[in-house]
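Engineer: Quick one: this structure, given as structure tokens, is what I'll be asking you about.
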Amino acid sequence: MNKTLNQLSANELETLVERAVDKRLEVWMTQLMDALTSIDEPVSEFRADFAESLRKAIKQSKAGEGVDLKSFRDETQG
């Protein structure tokens, strides 16, 4: 049965949003890993803003400034 947005409970909406975000992150991570591990393909340059963002994320991760997905969810739900 299909429901309109105003018929969803807060928990149902949250679950739908979480699934959509998780799926998008999964697709993005797959694309990123494909780009980073494509040995047989010619080397291509990342867009400058993406490359800088990736460098920043790696630096934050090495400095221990990251957060795992479960902790992030717990933090945003509380």
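Identifiers in the structure tokens: chain A, B, ... in order shown; residue index from 1 per chain; ligand index from 1 in order shown.
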Enumerate as a short mmCIF file (atom, residue, chain, number, x, y, z; two decimals) with N, CA, C and O atoms, in the first residue's frame all residues of stretch 2-77 of chain A assigned to helix (DSSP H, G or I) by DSSP on the backbone, naming them with the chain letters and numbers the document uses.
Structural biologist:
data_model
loop_
_atom_site.label_atom_id
_atom_site.label_comp_id
_atom_site.auth_asym_id
_atom_site.auth_seq_id
_atom_site.Cartn_x
_atom_site.Cartn_y
_atom_site.Cartn_z
N LEU A 5 3.22 11.38 1.95
CA LEU A 5 4.16 11.83 2.98
C LEU A 5 3.47 12.16 4.30
O LEU A 5 3.95 11.81 5.37
N ASN A 6 2.31 12.79 4.23
CA ASN A 6 1.63 13.17 5.48
C ASN A 6 0.97 11.98 6.18
O ASN A 6 0.54 12.11 7.31
N GLN A 7 0.93 10.82 5.53
CA GLN A 7 0.38 9.63 6.16
C GLN A 7 1.44 8.80 6.88
O GLN A 7 1.11 7.89 7.61
N ALA A 10 6.49 9.42 12.02
CA ALA A 10 7.85 9.97 12.11
C ALA A 10 8.88 8.86 11.95
O ALA A 10 9.88 9.03 11.25
N ASN A 11 8.63 7.71 12.55
CA ASN A 11 9.57 6.59 12.44
C ASN A 11 9.64 6.04 11.02
O ASN A 11 10.71 5.68 10.54
N GLU A 12 8.50 5.95 10.35
CA GLU A 12 8.49 5.48 8.96
C GLU A 12 9.26 6.43 8.05
O GLU A 12 10.05 5.99 7.21
N LEU A 13 9.05 7.71 8.24
CA LEU A 13 9.76 8.71 7.43
C LEU A 13 11.26 8.65 7.71
O LEU A 13 12.06 8.67 6.78
N GLU A 14 11.62 8.55 8.98
CA GLU A 14 13.03 8.47 9.34
C GLU A 14 13.68 7.24 8.71
O GLU A 14 14.78 7.31 8.18
N THR A 15 12.98 6.11 8.75
CA THR A 15 13.51 4.88 8.15
C THR A 15 13.70 5.05 6.64
O THR A 15 14.73 4.63 6.10
N LEU A 16 12.75 5.67 5.98
CA LEU A 16 12.86 5.89 4.54
C LEU A 16 14.04 6.80 4.21
O LEU A 16 14.79 6.54 3.27
N VAL A 17 14.20 7.87 4.99
CA VAL A 17 15.31 8.80 4.76
C VAL A 17 16.64 8.10 5.02
O VAL A 17 17.57 8.23 4.23
N GLU A 18 16.71 7.33 6.10
CA GLU A 18 17.95 6.60 6.40
C GLU A 18 18.31 5.64 5.28
O GLU A 18 19.47 5.56 4.88
N ARG A 19 17.31 4.92 4.77
CA ARG A 19 17.59 3.98 3.68
C ARG A 19 18.06 4.71 2.43
O ARG A 19 18.99 4.26 1.75
N ALA A 20 17.45 5.84 2.13
CA ALA A 20 17.85 6.61 0.96
C ALA A 20 19.28 7.14 1.10
O ALA A 20 20.09 7.05 0.17
N VAL A 21 19.60 7.66 2.28
CA VAL A 21 20.96 8.17 2.53
C VAL A 21 21.96 7.03 2.49
O VAL A 21 23.02 7.14 1.86
N ASP A 22 21.65 5.91 3.15
CA ASP A 22 22.55 4.76 3.14
C ASP A 22 22.81 4.27 1.72
O ASP A 22 23.94 3.97 1.36
N LYS A 23 21.75 4.20 0.92
CA LYS A 23 21.90 3.73 -0.46
C LYS A 23 22.76 4.70 -1.26
O LYS A 23 23.63 4.29 -2.03
N ARG A 24 22.52 5.99 -1.09
CA ARG A 24 23.30 6.99 -1.83
C ARG A 24 24.77 6.93 -1.42
O ARG A 24 25.66 7.01 -2.27
N LEU A 25 25.04 6.79 -0.13
CA LEU A 25 26.42 6.67 0.34
C LEU A 25 27.07 5.40 -0.19
O LEU A 25 28.25 5.41 -0.55
N GLU A 26 26.30 4.32 -0.26
CA GLU A 26 26.82 3.07 -0.80
C GLU A 26 27.20 3.23 -2.28
O GLU A 26 28.27 2.81 -2.70
N VAL A 27 26.33 3.87 -3.04
CA VAL A 27 26.61 4.12 -4.46
C VAL A 27 27.82 5.02 -4.60
O VAL A 27 28.73 4.76 -5.40
N TRP A 28 27.88 6.09 -3.81
CA TRP A 28 29.00 7.02 -3.87
C TRP A 28 30.31 6.32 -3.53
O TRP A 28 31.33 6.51 -4.20
N MET A 29 30.29 5.49 -2.48
CA MET A 29 31.50 4.79 -2.07
C MET A 29 31.94 3.80 -3.15
O MET A 29 33.14 3.68 -3.43
N THR A 30 31.00 3.12 -3.76
CA THR A 30 31.34 2.20 -4.85
C THR A 30 31.97 2.95 -6.01
O THR A 30 32.99 2.52 -6.56
N GLN A 31 31.40 4.08 -6.37
CA GLN A 31 31.96 4.89 -7.46
C GLN A 31 33.35 5.39 -7.10
O GLN A 31 34.26 5.38 -7.94
N LEU A 32 33.53 5.82 -5.86
CA LEU A 32 34.83 6.30 -5.42
C LEU A 32 35.87 5.18 -5.47
O LEU A 32 36.97 5.37 -5.99
N MET A 33 35.51 4.02 -4.94
CA MET A 33 36.45 2.90 -4.94
C MET A 33 36.77 2.46 -6.37
O MET A 33 37.91 2.12 -6.67
N ASP A 34 35.77 2.47 -7.25
CA ASP A 34 36.02 2.14 -8.65
C ASP A 34 37.01 3.12 -9.27
O ASP A 34 37.92 2.73 -10.00
N ALA A 35 36.84 4.39 -8.96
CA ALA A 35 37.73 5.41 -9.51
C ALA A 35 39.14 5.27 -8.96
O ALA A 35 40.11 5.45 -9.69
N LEU A 36 39.25 4.92 -7.70
CA LEU A 36 40.57 4.82 -7.08
C LEU A 36 41.30 3.53 -7.45
O LEU A 36 42.52 3.48 -7.42
N THR A 37 40.55 2.49 -7.78
CA THR A 37 41.18 1.20 -8.04
C THR A 37 41.21 0.81 -9.51
O THR A 37 41.63 -0.29 -9.84
N ALA A 48 38.97 19.53 -8.94
CA ALA A 48 39.79 20.14 -7.89
C ALA A 48 39.05 20.18 -6.54
O ALA A 48 39.64 19.87 -5.50
N ASP A 49 37.77 20.54 -6.54
CA ASP A 49 37.03 20.62 -5.28
C ASP A 49 36.83 19.25 -4.65
O ASP A 49 36.91 19.09 -3.44
N PHE A 50 36.63 18.23 -5.50
CA PHE A 50 36.47 16.88 -4.97
C PHE A 50 37.80 16.38 -4.40
O PHE A 50 37.84 15.79 -3.32
N ALA A 51 38.88 16.61 -5.11
CA ALA A 51 40.20 16.18 -4.64
C ALA A 51 40.54 16.84 -3.31
O ALA A 51 41.04 16.18 -2.39
N GLU A 52 40.25 18.12 -3.17
CA GLU A 52 40.52 18.82 -1.91
C GLU A 52 39.65 18.26 -0.78
O GLU A 52 40.12 18.06 0.34
N SER A 53 38.39 18.00 -1.07
CA SER A 53 37.49 17.43 -0.08
C SER A 53 37.98 16.05 0.36
O SER A 53 37.94 15.71 1.55
N LEU A 54 38.45 15.26 -0.59
CA LEU A 54 38.96 13.93 -0.29
C LEU A 54 40.23 14.03 0.57
O LEU A 54 40.37 13.30 1.56
N ARG A 55 41.13 14.94 0.24
CA ARG A 55 42.33 15.13 1.05
C ARG A 55 41.97 15.54 2.48
O ARG A 55 42.55 15.05 3.46
N LYS A 56 40.99 16.42 2.61
CA LYS A 56 40.56 16.88 3.93
C LYS A 56 39.97 15.72 4.74
O LYS A 56 40.27 15.56 5.92
N ALA A 57 39.15 14.88 4.09
CA ALA A 57 38.54 13.75 4.78
C ALA A 57 39.60 12.74 5.23
O ALA A 57 39.54 12.22 6.34
N ILE A 58 40.60 12.50 4.38
CA ILE A 58 41.68 11.59 4.74
C ILE A 58 42.47 12.15 5.92
O ILE A 58 42.80 11.43 6.87
N LYS A 59 42.76 13.44 5.89
CA LYS A 59 43.49 14.09 6.98
C LYS A 59 42.70 14.00 8.29
O LYS A 59 43.26 13.68 9.34
N GLN A 60 41.40 14.27 8.23
CA GLN A 60 40.56 14.18 9.43
C GLN A 60 40.52 12.76 9.96
O GLN A 60 40.57 12.53 11.17
N SER A 61 40.44 11.80 9.06
CA SER A 61 40.40 10.40 9.46
C SER A 61 41.69 10.00 10.15
O SER A 61 41.68 9.34 11.20
N LYS A 62 42.82 10.40 9.59
CA LYS A 62 44.12 10.07 10.20
C LYS A 62 44.28 10.74 11.56
O LYS A 62 44.95 10.21 12.43
N LEU A 69 29.39 5.28 11.42
CA LEU A 69 28.00 5.51 11.05
C LEU A 69 27.05 5.28 12.22
O LEU A 69 26.11 6.05 12.43
N LYS A 70 27.29 4.24 13.02
CA LYS A 70 26.41 3.98 14.16
C LYS A 70 26.44 5.13 15.14
O LYS A 70 25.40 5.58 15.61
N SER A 71 27.62 5.63 15.45
CA SER A 71 27.74 6.77 16.38
C SER A 71 27.03 8.00 15.83
O SER A 71 26.36 8.72 16.54
N PHE A 72 27.20 8.23 14.52
CA PHE A 72 26.54 9.37 13.88
C PHE A 72 25.03 9.25 14.00
O PHE A 72 24.35 10.21 14.34
N ARG A 73 24.51 8.04 13.72
CA ARG A 73 23.06 7.84 13.82
C ARG A 73 22.57 8.04 15.25
O ARG A 73 21.56 8.68 15.48
N ASP A 74 23.32 7.46 16.22
CA ASP A 74 22.93 7.62 17.62
C ASP A 74 22.92 9.10 18.01
O ASP A 74 22.04 9.56 18.72
N GLU A 75 23.91 9.84 17.54
CA GLU A 75 24.04 11.26 17.85
C GLU A 75 22.89 12.08 17.26
O GLU A 75 22.35 12.97 17.89
N THR A 76 22.50 11.74 16.02
CA THR A 76 21.46 12.52 15.35
C THR A 76 20.06 12.12 15.80
O THR A 76 19.13 12.90 15.68
N GLN A 77 19.91 10.91 16.36
CA GLN A 77 18.61 10.48 16.83
C GLN A 77 18.34 10.93 18.26
O GLN A 77 17.21 10.96 18.68
#
